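*Asks:* This structure is in structure tokens; I'll ask about it shortly.
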Amino acid sequence: MSKKNNLLILVEGAMLIAVATVLSYLKIFEMPFGGSITLEMLPLIIMGLRRGAKWGVLTGFVHGLIQMIIGFSNVMYCNTLLAQAGCILLDYLLAFSVLGLALIFARFLISKNKVAAYVTGSVVVCVLRFICSFLSGWLLWGSYAPEGMAAPVYSFLYNGAYMLPDTIIVAVLIAILAAKTPKLFVAEK
């Protein structure tokens, strides 16, 4: 790959990170202890679908770093260094990095129906992000569970309340974009 092509991909990734960051502030719905329905995941998934896992994961990771810096006060609510490390990993770095893997999962179906493949890849990575949030909620934030409710149940319901609608919105938008502008997902070689 040429230096010019790498530079183009880096600029593309930076632009999509900027769009994702702006979208993170445009909240459709916000949960009381963090988490919200936004379109933030969409540009990161698009990068993964356009450029593959290497560039997609890098883009998601950098976005996660930015989100961590913006929301670092959340990390301070964790009582131990181990819990803080878990929060950084599960709530920021892994949670956004996995979004860049969309093309890996889409490739299982890509020869049959590209729209379905892109939607499937998008849904799978949204589920992976949900798993990160679920584990964080269970292991790190379980003390916020209402009395008498098990931490895993609380985490599943709490994170599902915003991640499920977020996933549905992203899947619908990916389907529309893939059907109406299929070249968006085909990067020039």
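By order of appearance in the structure tokens: chains A, B, ..., then residues from 1 within every chain, and ligands from 1 in the order shown.
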Using only C-alpha atoms, determine which residues lie at most 7 Å from A:Ser97, disregarding the query and same-chain residues fewer than 4 positions distant; provide the list as a PyMOL selection string.

*Replies:* chain A and resi 57-58+60-61+93

*Asks:* Fewer than 5 positions away in the same chain doesn't count, so skip those; otherwise give me all residues within 9 Å of A:Ile28, counting only C-alpha atoms, as a list in words.

*Replies:*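 Surrounding residues, per the criterion: Ser36, Ile37, Thr38 and Leu39 of chain A.
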
*Asks:* Would you list the contacts of A:Tyr162 as a PyMOL selection string, taking every protein, DNA or RNA residue within 9 Å and counting only C-alpha atoms, but skipping same-chain residues closer than 3 positions in sequence?

*Replies:* chain A and resi 29-31+35-37+158-159+165-167

*Asks:* Write out the residues from the selection above, keeping N, CA, C and O atoms, as a PDB file, in the first residue's frame.

*Replies:*
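out.pdb written:
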ATOM      1  N   PHE A  29     -31.739   9.814  23.447  1.00  0.00           N
ATOM      2  CA  PHE A  29     -32.190   9.435  24.786  1.00  0.00           C
ATOM      3  C   PHE A  29     -30.955   9.171  25.626  1.00  0.00           C
ATOM      4  O   PHE A  29     -29.975   8.602  25.141  1.00  0.00           O
ATOM      5  N   GLU A  30     -30.990   9.576  26.903  1.00  0.00           N
ATOM      6  CA  GLU A  30     -29.843   9.372  27.782  1.00  0.00           C
ATOM      7  C   GLU A  30     -30.273   8.672  29.057  1.00  0.00           C
ATOM      8  O   GLU A  30     -31.276   9.035  29.675  1.00  0.00           O
ATOM      9  N   MET A  31     -29.501   7.657  29.448  1.00  0.00           N
ATOM     10  CA  MET A  31     -29.765   6.908  30.674  1.00  0.00           C
ATOM     11  C   MET A  31     -29.216   7.695  31.873  1.00  0.00           C
ATOM     12  O   MET A  31     -28.277   8.481  31.725  1.00  0.00           O
ATOM     13  N   GLY A  35     -24.613   6.085  29.233  1.00  0.00           N
ATOM     14  CA  GLY A  35     -25.176   5.351  28.106  1.00  0.00           C
ATOM     15  C   GLY A  35     -26.294   6.156  27.479  1.00  0.00           C
ATOM     16  O   GLY A  35     -27.078   6.781  28.188  1.00  0.00           O
ATOM     17  N   SER A  36     -26.324   6.176  26.156  1.00  0.00           N
ATOM     18  CA  SER A  36     -27.353   6.945  25.464  1.00  0.00           C
ATOM     19  C   SER A  36     -27.554   6.397  24.059  1.00  0.00           C
ATOM     20  O   SER A  36     -26.711   5.682  23.530  1.00  0.00           O
ATOM     21  N   ILE A  37     -28.690   6.763  23.499  1.00  0.00           N
ATOM     22  CA  ILE A  37     -28.975   6.422  22.110  1.00  0.00           C
ATOM     23  C   ILE A  37     -28.482   7.592  21.265  1.00  0.00           C
ATOM     24  O   ILE A  37     -28.954   8.720  21.415  1.00  0.00           O
ATOM     25  N   TYR A 158     -30.348  -2.652  31.976  1.00  0.00           N
ATOM     26  CA  TYR A 158     -29.919  -1.251  31.863  1.00  0.00           C
ATOM     27  C   TYR A 158     -29.251  -0.997  30.514  1.00  0.00           C
ATOM     28  O   TYR A 158     -29.630  -0.079  29.787  1.00  0.00           O
ATOM     29  N   ASN A 159     -28.250  -1.801  30.185  1.00  0.00           N
ATOM     30  CA  ASN A 159     -27.519  -1.589  28.936  1.00  0.00           C
ATOM     31  C   ASN A 159     -28.365  -1.928  27.714  1.00  0.00           C
ATOM     32  O   ASN A 159     -28.245  -1.287  26.674  1.00  0.00           O
ATOM     33  N   PRO A 165     -32.131  -0.248  21.085  1.00  0.00           N
ATOM     34  CA  PRO A 165     -32.607   0.749  20.117  1.00  0.00           C
ATOM     35  C   PRO A 165     -31.471   1.325  19.262  1.00  0.00           C
ATOM     36  O   PRO A 165     -31.650   1.561  18.065  1.00  0.00           O
ATOM     37  N   ASP A 166     -30.315   1.540  19.872  1.00  0.00           N
ATOM     38  CA  ASP A 166     -29.150   2.045  19.137  1.00  0.00           C
ATOM     39  C   ASP A 166     -28.764   1.081  18.012  1.00  0.00           C
ATOM     40  O   ASP A 166     -28.496   1.494  16.887  1.00  0.00           O
ATOM     41  N   THR A 167     -28.767  -0.207  18.307  1.00  0.00           N
ATOM     42  CA  THR A 167     -28.430  -1.233  17.320  1.00  0.00           C
ATOM     43  C   THR A 167     -29.450  -1.264  16.190  1.00  0.00           C
ATOM     44  O   THR A 167     -29.082  -1.352  15.012  1.00  0.00           O
TER      45      THR A 167
END

*Asks:* Find, counting only C-alpha atoms, the residue in A:Leu44, A:Leu103, A:Ile131, A:Leu109 that gets nearest to A:Leu23.

*Replies:*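 Among A:Leu44, A:Leu103, A:Ile131, A:Leu109, it is A:Leu44 that comes nearest to A:Leu23.
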
*Asks:* I want to know what sits within 12 Å of A:Ala85, based on only C-alpha atoms, with residues of the same chain fewer than 2 positions away left out; could you give that as a ChimeraX atom specification?

*Replies:* /A:68,72,74-83,87-94,136,140

*Asks:* Quick one: everything within 12 Å of stretch 114-122 of chain A, counting only C-alpha atoms, minus sequence neighbours fewer than 2 positions away in the same chain. Send it as a ChimeraX atom specification.

*Replies:* /A:41-50,52-53,98-112,124-129,166-186

*Asks:* Env of A:Met15: 12 Å cut, atoms = only C-alpha atoms, seq-sep filter 4 positions within chain, self excluded. Answer as a list in words.

*Replies:* Leu8, Ile9, Leu10, Val11, Val19, Ala20, Thr21, Val22, Pro43, Leu44, Ile46, Met47, Thr59, Val62 and His63 of chain A

*Asks:* For A:Leu139, which residue out of A:Phe96, A:Gly71, A:Ala161, A:Gly86 is the nearest one, using only C-alpha atoms?

*Replies:* A:Gly86
